[in-house]
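Participant: Sharing work.txt here; it has compact mmCIF, C-alpha atoms.
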```txt
# COMPACT_ATOMS: atom_id res chain seq x y z
CA MET A 7 19.49 -20.04 -17.77
CA THR A 8 20.13 -16.44 -18.80
CA GLN A 9 23.03 -14.82 -16.97
CA ALA A 10 22.07 -11.97 -14.68
CA ILE A 11 22.94 -8.46 -15.82
CA ALA A 12 25.25 -6.87 -13.23
CA SER A 13 25.58 -3.11 -12.88
CA PRO A 14 29.03 -1.63 -12.11
CA VAL A 15 27.46 1.23 -10.10
CA VAL A 16 27.46 1.22 -6.30
CA HIS A 17 24.36 3.25 -5.40
CA ASP A 18 24.00 5.17 -2.16
CA LEU A 19 20.39 3.97 -1.96
CA ILE A 20 18.10 1.57 -3.78
CA GLY A 21 14.38 1.87 -3.04
CA ILE A 22 12.21 -1.24 -3.30
CA GLY A 23 8.89 -0.02 -4.66
CA PHE A 24 8.07 3.45 -5.94
CA GLY A 25 4.69 4.09 -4.38
CA PRO A 26 3.79 7.27 -2.47
CA SER A 27 6.19 6.50 0.40
CA ASN A 28 9.34 6.20 -1.70
CA LEU A 29 8.15 8.99 -3.99
CA ALA A 30 8.00 11.28 -0.94
CA LEU A 31 11.50 10.11 -0.02
CA ALA A 32 12.80 10.89 -3.52
CA ILE A 33 11.51 14.45 -3.15
CA ALA A 34 12.98 14.86 0.34
CA LEU A 35 16.40 13.70 -0.87
CA GLN A 36 16.27 16.00 -3.89
CA GLU A 37 15.38 19.00 -1.72
CA ARG A 38 18.24 18.25 0.69
CA ALA A 39 20.80 17.78 -2.09
CA PRO A 40 21.79 21.46 -2.64
CA ILE A 41 22.94 21.72 0.98
CA GLN A 42 23.98 18.18 1.93
CA GLY A 43 25.11 16.80 -1.42
CA GLU A 44 23.41 14.65 -4.01
CA LEU A 45 23.03 10.93 -3.41
CA ASP A 46 23.03 8.26 -6.11
CA VAL A 47 19.51 6.90 -5.73
CA LEU A 48 17.51 4.36 -7.73
CA PHE A 49 13.95 3.13 -7.21
CA LEU A 50 12.65 -0.18 -8.58
CA ASP A 51 8.96 -0.97 -9.07
CA LYS A 52 7.32 -4.10 -10.44
CA GLN A 53 4.48 -2.23 -12.16
CA ALA A 54 4.85 -1.45 -15.85
CA ASP A 55 4.38 2.27 -15.17
CA TYR A 56 3.44 4.50 -12.26
CA ARG A 57 0.01 3.81 -10.84
CA TRP A 58 -1.43 3.92 -7.34
CA HIS A 59 -3.96 1.17 -6.65
CA GLY A 60 -4.75 1.38 -10.35
CA ASN A 61 -7.12 -1.59 -10.40
CA THR A 62 -9.29 -0.15 -7.62
CA LEU A 63 -9.81 3.39 -8.92
CA VAL A 64 -13.56 3.22 -9.50
CA THR A 65 -15.16 6.54 -10.37
CA GLN A 66 -16.97 6.84 -7.02
CA SER A 67 -13.78 6.41 -5.02
CA GLU A 68 -12.57 9.42 -3.02
CA LEU A 69 -9.44 10.04 -1.00
CA GLN A 70 -10.03 9.58 2.72
CA ILE A 71 -7.56 12.20 3.94
CA SER A 72 -7.08 15.89 3.19
CA PHE A 73 -5.20 16.91 0.05
CA LEU A 74 -2.94 18.91 2.39
CA LYS A 75 -1.48 15.58 3.47
CA ASP A 76 0.17 15.21 0.09
CA LEU A 77 3.79 14.21 -0.59
CA VAL A 78 5.35 17.41 0.72
CA THR A 79 3.11 19.98 2.43
CA LEU A 80 3.54 18.84 6.05
CA ARG A 81 7.31 19.13 5.57
CA ASN A 82 7.67 21.93 3.02
CA PRO A 83 4.51 23.85 2.01
CA THR A 84 6.51 25.78 -0.61
CA SER A 85 7.63 22.65 -2.49
CA PRO A 86 6.85 22.56 -6.23
CA TYR A 87 5.64 18.97 -5.74
CA SER A 88 2.52 19.92 -3.75
CA PHE A 89 -1.00 18.92 -4.77
CA VAL A 90 -1.88 22.62 -5.02
CA ASN A 91 0.94 23.19 -7.50
CA TYR A 92 -0.22 20.13 -9.45
CA LEU A 93 -3.68 21.72 -9.73
CA LYS A 94 -2.16 25.03 -10.82
CA HIS A 95 0.03 23.29 -13.41
CA HIS A 96 -3.03 21.55 -14.88
CA GLY A 97 -5.25 24.64 -14.85
CA ARG A 98 -7.71 23.28 -12.27
CA LEU A 99 -6.87 25.21 -9.11
CA VAL A 100 -9.94 27.49 -9.22
CA ASP A 101 -12.18 24.58 -10.22
CA PHE A 102 -10.96 22.49 -7.29
CA ILE A 103 -11.51 25.39 -4.90
CA ASN A 104 -15.06 25.67 -6.22
CA LEU A 105 -15.67 22.03 -5.31
CA GLY A 106 -15.42 23.08 -1.66
CA THR A 107 -13.79 19.84 -0.54
CA PHE A 108 -10.57 18.68 1.10
CA TYR A 109 -10.96 15.24 -0.49
CA PRO A 110 -10.10 14.80 -4.18
CA CYS A 111 -11.21 11.67 -5.97
CA ARG A 112 -8.60 8.93 -5.97
CA MET A 113 -8.44 9.05 -9.75
CA GLU A 114 -7.17 12.63 -9.54
CA TYR A 115 -4.80 11.82 -6.70
CA ASN A 116 -3.37 8.98 -8.78
CA ASP A 117 -2.82 11.49 -11.59
CA TYR A 118 -1.05 13.81 -9.11
CA LEU A 119 1.28 10.99 -8.08
CA ARG A 120 1.98 10.11 -11.72
CA TRP A 121 2.77 13.78 -12.43
CA VAL A 122 5.31 13.84 -9.60
CA ALA A 123 6.79 10.44 -10.49
CA ALA A 124 7.36 11.54 -14.08
CA GLN A 125 9.76 14.17 -12.76
CA PHE A 126 11.89 11.38 -11.24
CA ALA A 127 12.02 9.20 -14.35
CA GLY A 128 15.82 9.20 -14.31
CA GLN A 129 15.85 7.65 -10.83
CA SER A 130 13.24 4.95 -11.40
CA ARG A 131 12.98 1.62 -13.21
CA TYR A 132 9.56 0.09 -13.84
CA GLY A 133 8.63 -3.48 -14.70
CA GLU A 134 11.22 -4.98 -12.33
CA GLU A 135 10.18 -7.12 -9.41
CA VAL A 136 12.75 -7.35 -6.63
CA LEU A 137 13.33 -10.99 -5.71
CA ARG A 138 15.72 -10.75 -2.77
CA ILE A 139 18.31 -8.60 -1.03
CA GLU A 140 21.63 -10.24 -0.20
CA PRO A 141 24.69 -9.23 1.86
CA VAL A 142 27.92 -8.09 0.21
CA LEU A 143 30.64 -9.21 2.61
CA HIS A 144 34.10 -7.77 3.25
CA ASN A 145 36.16 -8.90 6.24
CA GLN A 146 33.09 -10.75 7.55
CA GLN A 147 31.06 -7.54 7.61
CA VAL A 148 28.08 -6.55 5.47
CA GLU A 149 29.52 -3.51 3.71
CA ALA A 150 26.75 -3.24 1.10
CA LEU A 151 23.62 -4.92 -0.20
CA ARG A 152 23.03 -6.80 -3.42
CA VAL A 153 19.56 -6.24 -4.90
CA ILE A 154 18.37 -8.87 -7.39
CA SER A 155 15.38 -8.06 -9.58
CA ARG A 156 13.64 -9.58 -12.61
CA ASN A 157 11.78 -7.91 -15.45
CA THR A 158 8.74 -9.17 -17.34
CA GLN A 159 10.97 -10.80 -19.97
CA GLY A 160 12.59 -12.96 -17.30
CA GLU A 161 15.93 -11.09 -17.30
CA GLU A 162 17.58 -10.74 -13.92
CA PHE A 163 19.50 -7.67 -12.78
CA VAL A 164 22.04 -7.38 -9.98
CA ARG A 165 22.70 -4.00 -8.39
CA THR A 166 24.70 -2.94 -5.34
CA ALA A 167 23.80 -0.29 -2.77
CA ARG A 168 25.15 0.96 0.54
CA SER A 169 21.56 1.36 1.78
CA VAL A 170 18.12 0.11 0.82
CA VAL A 171 14.63 1.24 1.76
CA VAL A 172 11.93 -1.41 1.54
CA SER A 173 8.55 0.04 0.63
CA ALA A 174 6.97 -2.84 -1.25
CA GLY A 175 3.45 -2.34 0.10
CA GLY A 176 1.02 -4.98 1.22
CA THR A 177 0.20 -8.25 -0.48
CA PRO A 178 -3.43 -9.36 -0.91
CA ARG A 179 -4.79 -11.41 1.98
CA ILE A 180 -6.48 -14.50 0.56
CA PRO A 181 -8.65 -16.48 3.00
CA GLU A 182 -7.78 -20.17 3.27
CA ALA A 183 -11.03 -21.25 1.58
CA PHE A 184 -10.05 -19.39 -1.62
CA LYS A 185 -6.34 -20.20 -1.95
CA ALA A 186 -7.04 -22.96 -4.49
CA PHE A 187 -8.60 -20.37 -6.86
CA LYS A 188 -5.32 -18.65 -7.79
CA ASP A 189 -5.77 -19.21 -11.53
CA ASP A 190 -9.56 -19.09 -11.61
CA GLY A 191 -10.72 -15.79 -13.13
CA ARG A 192 -14.04 -16.03 -11.29
CA VAL A 193 -12.43 -15.37 -7.89
CA PHE A 194 -10.20 -12.34 -7.45
CA HIS A 195 -8.92 -9.95 -4.80
CA HIS A 196 -10.17 -6.37 -4.80
CA SER A 197 -6.66 -5.22 -5.77
CA GLN A 198 -7.40 -6.72 -9.23
CA TYR A 199 -10.96 -5.42 -9.41
CA LEU A 200 -11.03 -3.26 -12.56
CA GLU A 201 -8.82 -5.57 -14.61
CA ARG A 202 -10.82 -8.69 -13.73
CA MET A 203 -14.21 -7.03 -14.19
CA THR A 204 -13.40 -6.32 -17.84
CA THR A 205 -13.48 -10.09 -18.48
CA GLN A 206 -16.81 -10.76 -16.76
CA PRO A 207 -20.01 -11.49 -18.75
CA CYS A 208 -21.83 -8.55 -17.13
CA VAL A 209 -19.72 -6.18 -19.25
CA SER A 210 -21.88 -7.21 -22.19
CA GLY A 211 -25.08 -7.08 -20.14
CA GLN A 212 -25.35 -10.72 -19.15
CA PRO A 213 -26.86 -11.41 -15.70
CA MET A 214 -24.40 -12.29 -12.96
CA ASN A 215 -24.63 -13.21 -9.31
CA ILE A 216 -21.53 -11.84 -7.53
CA ALA A 217 -20.44 -12.21 -3.91
CA ILE A 218 -18.32 -9.60 -2.14
CA ILE A 219 -16.45 -10.98 0.86
CA GLY A 220 -15.60 -8.33 3.45
CA GLY A 221 -17.06 -5.42 5.37
CA GLY A 222 -14.55 -2.59 4.92
CA GLN A 223 -14.07 0.36 2.58
CA SER A 224 -12.99 -1.79 -0.38
CA ALA A 225 -16.08 -3.99 -0.08
CA ALA A 226 -18.34 -0.93 0.08
CA GLU A 227 -16.71 0.69 -2.96
CA ALA A 228 -16.98 -2.54 -4.96
CA PHE A 229 -20.67 -2.84 -4.06
CA ILE A 230 -21.44 0.72 -5.16
CA ASP A 231 -19.56 0.22 -8.43
CA LEU A 232 -21.32 -3.05 -9.22
CA ASN A 233 -24.70 -1.50 -8.40
CA ASP A 234 -24.12 1.62 -10.50
CA SER A 235 -22.08 0.26 -13.42
CA PHE A 236 -23.61 -3.17 -14.04
CA PRO A 237 -27.45 -3.22 -13.91
CA SER A 238 -27.43 -6.95 -14.73
CA VAL A 239 -25.48 -7.83 -11.58
CA GLN A 240 -27.02 -9.06 -8.34
CA VAL A 241 -24.69 -8.71 -5.36
CA ASP A 242 -24.46 -10.53 -2.04
CA MET A 243 -22.38 -8.66 0.54
CA ILE A 244 -21.01 -11.31 2.91
CA LEU A 245 -19.41 -10.17 6.16
CA ARG A 246 -18.65 -11.71 9.54
CA GLY A 247 -19.79 -8.64 11.47
CA SER A 248 -23.33 -7.58 12.21
CA ALA A 249 -23.15 -4.32 10.25
CA LEU A 250 -20.96 -2.00 8.21
CA LYS A 251 -19.16 0.14 10.77
CA PRO A 252 -18.25 3.79 10.19
CA ALA A 253 -14.67 5.00 10.23
CA ASP A 254 -13.96 7.37 13.10
CA ASP A 255 -12.45 10.45 11.45
CA SER A 256 -13.44 12.96 14.13
CA PRO A 257 -10.90 15.74 14.83
CA PHE A 258 -9.51 14.55 18.16
CA VAL A 259 -9.22 10.96 17.00
CA ASN A 260 -7.52 12.10 13.79
CA GLU A 261 -4.64 13.35 15.91
CA VAL A 262 -3.42 9.74 16.10
CA PHE A 263 -2.22 10.28 12.53
CA SER A 264 0.03 13.21 13.46
CA PRO A 265 3.84 13.10 13.63
CA GLU A 266 3.61 13.90 17.33
CA PHE A 267 1.53 10.79 17.95
CA THR A 268 4.16 8.72 16.14
CA ASP A 269 6.68 9.98 18.70
CA LEU A 270 4.29 9.08 21.52
CA VAL A 271 3.73 5.53 20.26
CA PHE A 272 7.42 4.86 19.68
CA GLN A 273 8.34 6.00 23.20
CA GLN A 274 6.00 3.45 24.80
CA PRO A 275 6.88 -0.10 25.88
CA HIS A 276 5.74 -2.87 23.53
CA SER A 277 2.55 -3.66 25.48
CA GLU A 278 1.40 -0.03 25.45
CA ARG A 279 2.19 0.35 21.75
CA GLU A 280 -0.08 -2.61 21.03
CA ARG A 281 -2.83 -1.17 23.20
CA LEU A 282 -2.70 2.18 21.38
CA VAL A 283 -2.87 0.52 17.97
CA ASN A 284 -5.84 -1.61 19.05
CA GLU A 285 -7.61 1.37 20.63
CA TYR A 286 -7.73 3.24 17.34
CA HIS A 287 -8.15 0.22 15.08
CA ASN A 288 -11.58 1.49 13.97
CA THR A 289 -10.03 4.51 12.26
CA ASN A 290 -8.68 2.39 9.42
CA TYR A 291 -9.50 -1.33 9.50
CA SER A 292 -12.84 -3.00 8.64
CA VAL A 293 -14.61 0.35 8.58
CA VAL A 294 -16.36 2.42 5.90
CA ASP A 295 -16.81 6.14 5.28
CA ILE A 296 -20.18 7.20 6.68
CA ASP A 297 -21.37 8.71 3.39
CA LEU A 298 -20.77 5.37 1.64
CA ILE A 299 -22.64 3.52 4.38
CA GLU A 300 -25.57 5.88 3.94
CA ARG A 301 -25.59 5.31 0.16
CA ILE A 302 -25.60 1.55 0.60
CA TYR A 303 -28.35 1.73 3.22
CA GLY A 304 -30.38 3.86 0.83
CA ILE A 305 -30.01 1.25 -1.92
CA PHE A 306 -31.32 -1.50 0.35
CA TYR A 307 -34.12 0.71 1.63
CA ARG A 308 -35.33 1.45 -1.91
CA GLN A 309 -35.34 -2.30 -2.55
CA LYS A 310 -37.81 -2.66 0.32
CA VAL A 311 -39.98 0.10 -1.12
CA SER A 312 -40.02 -1.41 -4.60
CA GLY A 313 -40.32 -4.99 -3.42
CA VAL A 314 -37.53 -5.99 -5.83
CA ALA A 315 -34.68 -7.55 -3.86
CA ARG A 316 -31.81 -7.18 -6.31
CA HIS A 317 -29.02 -7.33 -3.70
CA ALA A 318 -28.64 -9.17 -0.39
CA PHE A 319 -26.81 -8.12 2.77
CA ARG A 320 -25.59 -11.25 4.57
CA THR A 321 -24.21 -10.32 7.98
CA LEU A 322 -22.86 -12.60 10.71
CA THR A 323 -21.77 -14.96 7.94
CA THR A 324 -18.53 -16.92 7.54
CA VAL A 325 -17.37 -18.73 4.41
CA GLU A 326 -16.54 -22.29 5.47
CA LYS A 327 -15.69 -23.76 2.08
CA ALA A 328 -15.44 -22.67 -1.57
CA THR A 329 -15.74 -25.11 -4.46
CA ALA A 330 -15.17 -24.50 -8.18
CA THR A 331 -17.82 -26.05 -10.46
CA ASP A 332 -18.69 -25.70 -14.12
CA ALA A 333 -21.81 -23.79 -13.10
CA GLY A 334 -19.98 -21.32 -10.85
CA VAL A 335 -18.33 -20.97 -7.45
CA GLU A 336 -20.19 -22.70 -4.64
CA LEU A 337 -19.77 -21.18 -1.18
CA MET A 338 -20.70 -23.06 1.95
CA VAL A 339 -21.50 -20.32 4.46
CA ARG A 340 -22.27 -20.47 8.14
CA ASN A 341 -24.70 -18.15 9.91
CA ASN A 342 -22.75 -17.28 13.05
CA ALA A 343 -25.91 -16.54 15.02
CA THR A 344 -27.76 -19.80 14.30
CA GLY A 345 -24.97 -22.11 13.16
CA GLU A 346 -26.97 -22.94 10.02
CA LEU A 347 -24.95 -24.01 6.96
CA THR A 348 -26.08 -22.97 3.48
CA VAL A 349 -24.59 -23.53 0.03
CA ARG A 350 -24.89 -20.66 -2.45
CA ARG A 351 -23.64 -20.44 -6.03
CA TYR A 352 -22.03 -17.35 -7.54
CA ASP A 353 -20.71 -16.45 -10.96
CA ALA A 354 -17.84 -14.46 -9.44
CA VAL A 355 -16.42 -13.64 -6.00
CA VAL A 356 -14.64 -10.41 -5.05
CA LEU A 357 -12.32 -10.78 -2.07
CA ALA A 358 -12.28 -7.44 -0.25
CA THR A 359 -10.25 -9.09 2.49
CA GLY A 360 -7.43 -6.63 3.04
CA TYR A 361 -3.66 -7.00 2.88
CA GLU A 362 -0.80 -8.67 4.69
CA ARG A 363 2.53 -6.96 5.30
CA GLN A 364 5.20 -9.64 5.37
CA MET A 365 7.02 -8.90 2.12
CA HIS A 366 9.97 -7.33 3.95
CA ARG A 367 10.73 -10.62 5.67
CA THR A 368 10.74 -12.47 2.35
CA LEU A 369 12.97 -9.95 0.56
CA LEU A 370 15.43 -9.70 3.45
CA SER A 371 15.57 -13.40 4.34
CA PRO A 372 19.19 -13.75 3.05
CA LEU A 373 20.13 -11.21 5.73
CA ALA A 374 18.16 -12.84 8.55
CA GLN A 375 21.22 -13.64 10.70
CA TYR A 376 22.01 -9.91 10.98
CA LEU A 377 18.49 -8.59 11.60
CA GLY A 378 17.06 -10.19 14.73
CA ASP A 379 13.29 -9.69 14.93
CA PHE A 380 13.03 -6.81 12.44
CA GLU A 381 12.91 -4.07 15.05
CA VAL A 382 13.53 -0.50 13.86
CA ASP A 383 14.79 2.70 15.41
CA ARG A 384 12.80 5.95 15.48
CA ASN A 385 13.97 6.81 11.92
CA TYR A 386 12.67 3.50 10.50
CA LYS A 387 16.17 1.98 10.23
CA LEU A 388 16.40 -1.73 10.96
CA ILE A 389 18.39 -2.52 14.07
CA THR A 390 21.11 -4.93 12.98
CA ASP A 391 24.02 -6.54 14.76
CA GLU A 392 27.49 -4.98 14.62
CA ARG A 393 28.51 -6.99 11.55
CA CYS A 394 26.05 -5.15 9.29
CA LYS A 395 27.40 -1.76 8.18
CA ALA A 396 24.82 -1.28 5.42
CA ALA A 397 21.60 0.57 6.31
CA ILE A 398 18.15 -0.91 5.78
CA TYR A 399 15.02 1.22 6.14
CA MET A 400 11.37 0.19 6.02
CA GLN A 401 8.25 2.12 5.07
CA GLY A 402 4.85 0.56 5.68
CA PHE A 403 6.03 -2.31 7.88
CA CYS A 404 6.41 -0.48 11.21
CA GLN A 405 2.86 -0.15 12.51
CA ALA A 406 3.69 -2.09 15.68
CA SER A 407 6.40 0.41 16.64
CA HIS A 408 5.23 3.68 15.01
CA GLY A 409 1.44 3.47 15.06
CA LEU A 410 -1.44 3.29 12.61
CA SER A 411 -0.19 6.08 10.35
CA ASP A 412 2.66 3.85 9.16
CA THR A 413 0.59 2.16 6.43
CA LEU A 414 -1.30 5.33 5.42
CA LEU A 415 -0.64 8.56 3.53
CA SER A 416 -0.97 10.74 6.63
CA ILE A 417 2.65 11.53 7.49
CA LEU A 418 4.57 10.63 4.31
CA PRO A 419 6.52 13.92 4.05
CA VAL A 420 7.64 13.87 7.69
CA ARG A 421 8.64 10.20 7.61
CA ALA A 422 10.51 10.74 4.36
CA ASP A 423 12.46 13.59 5.92
CA GLU A 424 13.34 11.48 8.97
CA ILE A 425 14.65 8.69 6.75
CA ALA A 426 16.50 11.16 4.52
CA GLY A 427 18.21 12.70 7.55
CA SER A 428 19.24 9.27 8.80
CA LEU A 429 20.58 8.35 5.35
CA TYR A 430 22.82 11.40 5.26
CA GLU A 431 23.99 10.66 8.80
CA HIS A 432 24.78 7.08 7.78
CA GLY A 433 26.61 8.36 4.71
CA LYS A 434 29.00 10.61 6.63
CA ASN A 435 31.52 7.82 6.59
CA ARG A 436 31.36 7.41 2.83
CA GLY A 437 35.11 7.85 2.57
CA GLN A 438 35.57 4.44 4.14
CA ALA A 439 32.87 3.06 1.88
CA ARG A 440 34.78 4.21 -1.19
CA ALA A 441 37.88 2.48 0.15
CA VAL A 442 36.13 -0.88 -0.24
CA ARG A 443 34.56 0.03 -3.58
CA ASP A 444 36.72 -2.39 -5.55
CA VAL A 445 35.80 -5.19 -3.17
CA LEU A 446 32.11 -4.44 -3.54
CA LEU A 447 32.29 -4.38 -7.31
CA ALA A 448 34.22 -7.64 -7.37
CA ALA A 449 31.43 -9.21 -5.34
CA VAL A 450 28.67 -8.08 -7.70
```
Take the structure in the file and write it out as C-alpha cells.
Facilitator:
Amino acid sequence: MTQAIASPVVHDLIGIGFGPSNLALAIALQERAPIQGELDVLFLDKQADYRWHGNTLVTQSELQISFLKDLVTLRNPTSPYSFVNYLKHHGRLVDFINLGTFYPCRMEYNDYLRWVAAQFAGQSRYGEEVLRIEPVLHNQQVEALRVISRNTQGEEFVRTARSVVVSAGGTPRIPEAFKAFKDDGRVFHHSQYLERMTTQPCVSGQPMNIAIIGGGQSAAEAFIDLNDSFPSVQVDMILRGSALKPADDSPFVNEVFSPEFTDLVFQQPHSERERLVNEYHNTNYSVVDIDLIERIYGIFYRQKVSGVARHAFRTLTTVEKATATDAGVELMVRNNATGELTVRRYDAVVLATGYERQMHRTLLSPLAQYLGDFEVDRNYKLITDERCKAAIYMQGFCQASHGLSDTLLSILPVRADEIAGSLYEHGKNRGQARAVRDVLLAAV
C-alpha cells in the first residue's frame, strides 16, 4: 500500500468541495483579508476541473434564479466577481442586456463560475476526493482536523486544518429497484446524463426506447433534450404523480429565499421549522418551470394532431421491479389508480430521481462522539461538545434548520459572509493554536 503524502502545513481552513457555495466563501474571505488578515485556505474538489453540474448542461437548460443572485451581489454589489463584471470582461454585457432576461442559460452560468474559480487556482486542488475527516487530539481535546483525500491515481494525502467547511453537495438518489444497475451503462442518474448519452446507440441514429423516471425539473429537461436532439428516440415519462406540477416562483413566495426568511426559520422551534419547509416544498422539489411544462404539453398535443404517438406520458405509475436482460431493461410498473401491473422493455433508463444529502455524516463519522445530532448554530457551525476546539461548518446540509434556500444558489453571498465572520471570530485565539503547532504537526 502506498504511504499517504502528509503536508507540513496547518491550514486555517480546508473546504470540502469547491462548488458555488465554497467559491462564494473563498471570495468573502479574500475581500475581508485586507482588514481582518489573510487566512491560509485550501479547497479540495473531486472533479478533474471546475464544472457545475457539467453532465446536465443541456442547451435548453436555463438558470432558475436571477443573475443578481450570483456569488457576490447580495453582499457586495461592487465586487469584481459579479456576473455583470464577468459579462463586461467577456464583451457580452450589451448583448445580455438586449436579451431582456434575468435568467442566463446554465451553460453561461457554468462559464461564469469557471471564470471566478480560475482566479482562486492557488487555493484549490482538483481531482481529489475527500475520504474522511479525523480528530487531531492534544490533551484529550480536538485541537485540529485531519483531512484525508485520494486522487485519481490512488495516492492519498493527509492535511491538517484548524477549521473545515463541508460543502460536498448531494449524492444521486437511486431507487431501490435500480441499485443493482450500478455498472450497467443502460441505467444512469440524470447527474451523468451528457456523459452517458454519448455512449448510446441513438447518437448514431439508431432507434431507442428510453424511460425517464421522475416528474421534476431534471426529468423535464431530459425529455426536451431527448425529443430535440435525438429524433430516433421514443421516450416514456414515468412519474408517480398525476401531472407535472409548476414551480411557484411568484414574488411573495420567493421571499422564502431571502436572508431575512433564513433568520425567521432558524428562530422557530423544530416543529415550526419543519412546517415552514413543507409549506414551501413546491418551490423547489418535484416541480417544473411553467414554460417547460407548456413546451412538453405542446409536444404531446402535436402528437395527437398528427396521430403519431412518438412519446408516452405515464402518470400515477410506480416502478416495482427492474430487471437487466440481453434485450434491454425490463420494468415492472404498477398503475397506482387501477393496481394493474405491466412489464415494459427499454433500451435505457434515465433516473431523474433527485439527490440525498448525507455525505457530511459519512465524512465526519470519525468525529461522531463530539458532534451529537449534527445541529448547527445560526452561522452554520456544527455544535460540538466542549472537547472539540476545531470549527466545522456545513453548506448545503442545513435545510432543516435554515430553510429551503440552504441547498440553492439564492443566498450564497450572505451565507458565505456569515461563515467568514464566524471563522475570523473562531480564529481570534490563534495564538493558542500556534502554541500547539508542533503537537499538531507531530500528529499528521
Participant: Residues within 9 Å of stretch 344-360 of chain A, please, as a short mmCIF file (atom, residue, chain, number, x, y, z; two decimals) with C-alpha atoms, in the frame of the given file. Count all atoms listed in the file; anything in the same chain fewer than 4 positions from it doesn't count.
Facilitator:
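Wrote part.cif, looks like this:
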```
data_model
loop_
_atom_site.label_atom_id
_atom_site.label_comp_id
_atom_site.auth_asym_id
_atom_site.auth_seq_id
_atom_site.Cartn_x
_atom_site.Cartn_y
_atom_site.Cartn_z
CA GLY A 176 1.02 -4.98 1.22
CA THR A 177 0.20 -8.25 -0.48
CA PRO A 178 -3.43 -9.36 -0.91
CA ARG A 179 -4.79 -11.41 1.98
CA ILE A 180 -6.48 -14.50 0.56
CA PRO A 181 -8.65 -16.48 3.00
CA PHE A 184 -10.05 -19.39 -1.62
CA GLY A 191 -10.72 -15.79 -13.13
CA ARG A 192 -14.04 -16.03 -11.29
CA VAL A 193 -12.43 -15.37 -7.89
CA PHE A 194 -10.20 -12.34 -7.45
CA HIS A 195 -8.92 -9.95 -4.80
CA HIS A 196 -10.17 -6.37 -4.80
CA SER A 197 -6.66 -5.22 -5.77
CA TYR A 199 -10.96 -5.42 -9.41
CA GLN A 206 -16.81 -10.76 -16.76
CA MET A 214 -24.40 -12.29 -12.96
CA ASN A 215 -24.63 -13.21 -9.31
CA ILE A 216 -21.53 -11.84 -7.53
CA ALA A 217 -20.44 -12.21 -3.91
CA ILE A 218 -18.32 -9.60 -2.14
CA ILE A 219 -16.45 -10.98 0.86
CA GLY A 220 -15.60 -8.33 3.45
CA GLY A 221 -17.06 -5.42 5.37
CA GLY A 222 -14.55 -2.59 4.92
CA GLN A 223 -14.07 0.36 2.58
CA SER A 224 -12.99 -1.79 -0.38
CA ALA A 225 -16.08 -3.99 -0.08
CA ALA A 226 -18.34 -0.93 0.08
CA ALA A 228 -16.98 -2.54 -4.96
CA TYR A 291 -9.50 -1.33 9.50
CA SER A 292 -12.84 -3.00 8.64
CA GLU A 326 -16.54 -22.29 5.47
CA ALA A 333 -21.81 -23.79 -13.10
CA GLY A 334 -19.98 -21.32 -10.85
CA VAL A 335 -18.33 -20.97 -7.45
CA GLU A 336 -20.19 -22.70 -4.64
CA LEU A 337 -19.77 -21.18 -1.18
CA MET A 338 -20.70 -23.06 1.95
CA VAL A 339 -21.50 -20.32 4.46
CA ARG A 340 -22.27 -20.47 8.14
#
```
Participant: So that I can see what lies close to A:Glu162, please list as a VMD selection string the residues with an atom at most 7 Å from it, counting only C-alpha atoms and leaving out residues fewer than 6 positions away in the same chain.
Facilitator: chain A and resid 10 to 11 154 to 156
Participant: Name the closest residue to A:Ala34 among the candidates A:Ile299, A:Leu245, A:Val271, A:Leu80; distances are taken between atoms, counting all atoms listed in the file.
Facilitator: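 Counting all atoms listed in the file, the residue closest to A:Ala34 is A:Leu80.
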Participant: When you draw a straight line from atom CA of A:Ile425 to atom CA of A:Phe258, how long is it in Å?
Facilitator: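 Distance between the two atoms: 27.4 Å.
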Participant: May I have the residues within 8 Å of stretch 28-33 of chain A as a ChimeraX atom specification, using only C-alpha atoms and disregarding those fewer than 6 positions away in the same chain?
Facilitator: /A:21,49,77-78,87,122-123,126,173,401,418-419,422-423,425-426
Participant: Find, counting only C-alpha atoms, the residue in A:Phe272, A:Phe267, A:Phe403, A:Tyr303 that gets nearest to A:Leu388.
Facilitator: A:Phe403
Participant: Skip A:Val262 itself and residues of its chain fewer than 3 positions away, then list as a PyMOL selection string all residues within 12 Å of it, counting only C-alpha atoms.
Facilitator: chain A and resi 254-259+265-271+282-290+408-412+414+416-417
Participant: Which residues, written as a PyMOL selection string, have at least one atom at most 12 Å from A:Leu369, with only C-alpha atoms counted and residues fewer than 5 positions away on the same chain left out?
Facilitator: chain A and resi 22-23+135-141+151-155+170-174+363-364+374+398+400
